[in-house]
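First comes the structure, then the notes that go with it.
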Amino acid sequence: MLRLSRFLPSASRRGFDLKESLWSGSLTFQQAVSTSAGNLDENLSSKKFASYTVFKGKAALSIHPILPSFSKMESGGSRMNRNGSVMLTFFPAVGQRKYDYTKKQLFALSPTEVGSLISLGPAESCEFFHDPSMKSSPLNQPFCVSSHEGQVKKSLSITPLGSDSGYFVNITVLNNLQKTTDRLSVPITKAEFAVMRTALSFALPHIMGWDQVLTHHAAPLASSKPRVERPRLDSEWER
């Protein structure tokens with residue numbers, strides 16, 4: 001049984017022993033928040049983070065939901081201006097029960113891609129391709145084509161292990177700027193995939209914003225007050 005610790009790994013330490021720290025998406029956020037607390041909005045500290053992480057011999061995979069954002073309309077209501085997603089974070093192994101946070105790779109699943117994953121049959125596979133020029137933009141607005149189109153490409157594939165025993169989750173990141181190709185593969189057992197499928201099914205209406213519409217909960221509104229700009233913690237193109 002793994003023991004949780006209050007220890008947060010520094011960026012200079014490349015391998016993290018799971019006996020000392022259970023590395024997850026939530027811990028990633030805690031580290032990011034702790035190193036830039038002076039620049040964060042006051043309400044950020046009240047946010048809650050949770051993830052599901054599987055650790056394997058060559059890599060680890062962590063998943064967590066990202067909620068959509070809403071903006072105020074002149075009528076007094078609010079409208080969703082950006083879809084949510086489910087973020088997949090891959091960590092390569094650098095030793096026994098040690099994973100390199102500095103070489104993490106991110107892949108954000110859209111609602112439709114989540115639907116493709118949770119509808120997979122035992123012998124079926126699926127594959128997704130992402131390019132920075134096609135990253136999400138506010139709804140009802142045209143995509144802005146990046147000048148770096150094609151320089152970084154990501155692909156995610158989910159393929160069956162065989163004998164109805166689970167799936168391989170593979171990510172490939174081709175970076176033509178740095179002339180590198182990173183590949184990570186995590187075998188997911190049938191039980192682990194069942195957890196992922198259930199969690200993703202539950203998260204789907206939430207990343208679409210439907211839970212806030214149907215339950216009449218107050219939606220988080222885009223703030224108009226000046227604030228210090230900072231990188232988005234949930235950006236798929238951070239890596």
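Going through the structure tokens in order, the chains are called A, B, and so on, while each chain numbers its residues from 1 and the ligands are numbered from 1 in the order shown.
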
Which residues, written as a ChimeraX atom specification, have at least one atom at most 12 Å from Ala199 (chain A), with only C-alpha atoms counted and residues fewer than 4 positions away on the same chain left out? /A:50-53,63-65,86,114,117-118,192-195,203-206

For the residues in the current selection, export N, CA, C and O atoms as an mmCIF file, in the first residue's frame.
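And here's result18.cif as it stands now:
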data_model
loop_
_atom_site.group_PDB
_atom_site.id
_atom_site.type_symbol
_atom_site.label_atom_id
_atom_site.label_comp_id
_atom_site.auth_asym_id
_atom_site.auth_seq_id
_atom_site.Cartn_x
_atom_site.Cartn_y
_atom_site.Cartn_z
ATOM 1 N N ALA A 50 -8.982 16.534 -8.780
ATOM 2 C CA ALA A 50 -8.977 15.089 -8.570
ATOM 3 C C ALA A 50 -8.584 14.423 -9.874
ATOM 4 O O ALA A 50 -8.866 14.930 -10.960
ATOM 5 N N SER A 51 -7.911 13.278 -9.760
ATOM 6 C CA SER A 51 -7.475 12.578 -10.963
ATOM 7 C C SER A 51 -7.510 11.079 -10.709
ATOM 8 O O SER A 51 -7.622 10.616 -9.569
ATOM 9 N N TYR A 52 -7.419 10.327 -11.808
ATOM 10 C CA TYR A 52 -7.270 8.871 -11.721
ATOM 11 C C TYR A 52 -5.961 8.530 -12.424
ATOM 12 O O TYR A 52 -5.759 8.892 -13.585
ATOM 13 N N THR A 53 -5.054 7.864 -11.720
ATOM 14 C CA THR A 53 -3.726 7.618 -12.247
ATOM 15 C C THR A 53 -3.382 6.138 -12.176
ATOM 16 O O THR A 53 -3.666 5.482 -11.171
ATOM 17 N N ILE A 63 -5.551 11.013 -15.588
ATOM 18 C CA ILE A 63 -6.634 11.708 -16.277
ATOM 19 C C ILE A 63 -7.399 12.557 -15.277
ATOM 20 O O ILE A 63 -7.567 12.181 -14.115
ATOM 21 N N HIS A 64 -7.830 13.746 -15.730
ATOM 22 C CA HIS A 64 -8.675 14.592 -14.897
ATOM 23 C C HIS A 64 -9.520 15.488 -15.789
ATOM 24 O O HIS A 64 -9.126 15.818 -16.915
ATOM 25 N N PRO A 65 -10.706 15.892 -15.323
ATOM 26 C CA PRO A 65 -11.592 16.728 -16.134
ATOM 27 C C PRO A 65 -11.242 18.202 -16.020
ATOM 28 O O PRO A 65 -10.719 18.659 -15.000
ATOM 29 N N VAL A 86 -11.197 16.468 -21.159
ATOM 30 C CA VAL A 86 -10.568 15.544 -20.214
ATOM 31 C C VAL A 86 -9.089 15.484 -20.577
ATOM 32 O O VAL A 86 -8.738 15.127 -21.704
ATOM 33 N N VAL A 114 -14.052 11.887 -26.171
ATOM 34 C CA VAL A 114 -14.437 11.116 -24.987
ATOM 35 C C VAL A 114 -15.494 10.086 -25.366
ATOM 36 O O VAL A 114 -15.446 8.929 -24.939
ATOM 37 N N LEU A 117 -13.958 7.117 -27.025
ATOM 38 C CA LEU A 117 -13.217 6.243 -26.118
ATOM 39 C C LEU A 117 -14.150 5.369 -25.283
ATOM 40 O O LEU A 117 -13.937 4.169 -25.155
ATOM 41 N N ILE A 118 -15.220 5.970 -24.741
ATOM 42 C CA ILE A 118 -16.088 5.191 -23.854
ATOM 43 C C ILE A 118 -16.970 4.214 -24.625
ATOM 44 O O ILE A 118 -17.557 3.304 -24.029
ATOM 45 N N GLU A 192 -8.987 -1.393 -14.965
ATOM 46 C CA GLU A 192 -8.616 0.024 -15.007
ATOM 47 C C GLU A 192 -9.406 0.759 -16.083
ATOM 48 O O GLU A 192 -9.826 1.912 -15.882
ATOM 49 N N PHE A 193 -9.618 0.099 -17.222
ATOM 50 C CA PHE A 193 -10.387 0.743 -18.285
ATOM 51 C C PHE A 193 -11.847 0.895 -17.866
ATOM 52 O O PHE A 193 -12.505 1.869 -18.251
ATOM 53 N N ALA A 194 -12.360 -0.036 -17.089
ATOM 54 C CA ALA A 194 -13.730 0.085 -16.595
ATOM 55 C C ALA A 194 -13.872 1.320 -15.710
ATOM 56 O O ALA A 194 -14.877 2.038 -15.771
ATOM 57 N N VAL A 195 -12.861 1.592 -14.878
ATOM 58 C CA VAL A 195 -12.865 2.802 -14.052
ATOM 59 C C VAL A 195 -12.831 4.045 -14.935
ATOM 60 O O VAL A 195 -13.582 5.012 -14.727
ATOM 61 N N ALA A 203 -18.119 12.355 -16.419
ATOM 62 C CA ALA A 203 -17.572 13.687 -16.679
ATOM 63 C C ALA A 203 -18.140 14.331 -17.931
ATOM 64 O O ALA A 203 -18.158 15.566 -18.044
ATOM 65 N N LEU A 204 -18.624 13.530 -18.881
ATOM 66 C CA LEU A 204 -19.020 14.054 -20.182
ATOM 67 C C LEU A 204 -20.019 15.209 -20.105
ATOM 68 O O LEU A 204 -19.777 16.278 -20.685
ATOM 69 N N PRO A 205 -21.171 15.082 -19.424
ATOM 70 C CA PRO A 205 -22.098 16.225 -19.375
ATOM 71 C C PRO A 205 -21.513 17.428 -18.641
ATOM 72 O O PRO A 205 -21.903 18.574 -18.900
ATOM 73 N N HIS A 206 -20.561 17.194 -17.746
ATOM 74 C CA HIS A 206 -19.952 18.294 -17.006
ATOM 75 C C HIS A 206 -19.015 19.110 -17.897
ATOM 76 O O HIS A 206 -19.006 20.342 -17.823
#

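Distances to Ser119 (chain A) were evaluated for A:Thr198, A:Ser157, A:Gln212, A:Thr89 using only C-alpha atoms, and the minimum falls at A:Thr198.
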
Which of these residues is nearest to Met208 (chain A), using only C-alpha atoms: A:Leu177, A:Met73, A:Leu109, A:Leu61?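 Of A:Leu177, A:Met73, A:Leu109, A:Leu61, the one nearest Met208 (chain A) is A:Leu109, counting only C-alpha atoms.
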
Nearest candidate to Phe91 (chain A) (options A:Ser201, A:Asn170, A:Ser110, A:Thr159; using only C-alpha atoms):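 That would be A:Asn170, the residue with the smallest distance to Phe91 (chain A).
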
Distance of CA of Val186 (chain A) from CA of Val169 (chain A), expressed in Å to one decimal place: 5.2 Å

When you count only C-alpha atoms, which of these residues is closest to Glu127 (chain A): A:Ser62, A:Ser155, A:Asn175, A:Thr102?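 With only C-alpha atoms as the atom set, the closest residue is A:Ser155.
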
Mind the document's chain letters and residue numbers, and return as a ChimeraX atom specification the residues of region 79-179 of chain A that DSSP labels helix (DSSP H, G or I). /A:101-103,111-118,132-134

Option closest in space to Gly77 (chain A), from A:Lys179, A:Glu236, A:Gly115, A:Val213 [counting only C-alpha atoms]: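 Result for the nearest residue to Gly77 (chain A): A:Val213.
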
Computed interatomic separation between CA of Arg183 (chain A) and CA of Pro68 (chain A) (Å): 29.1 Å
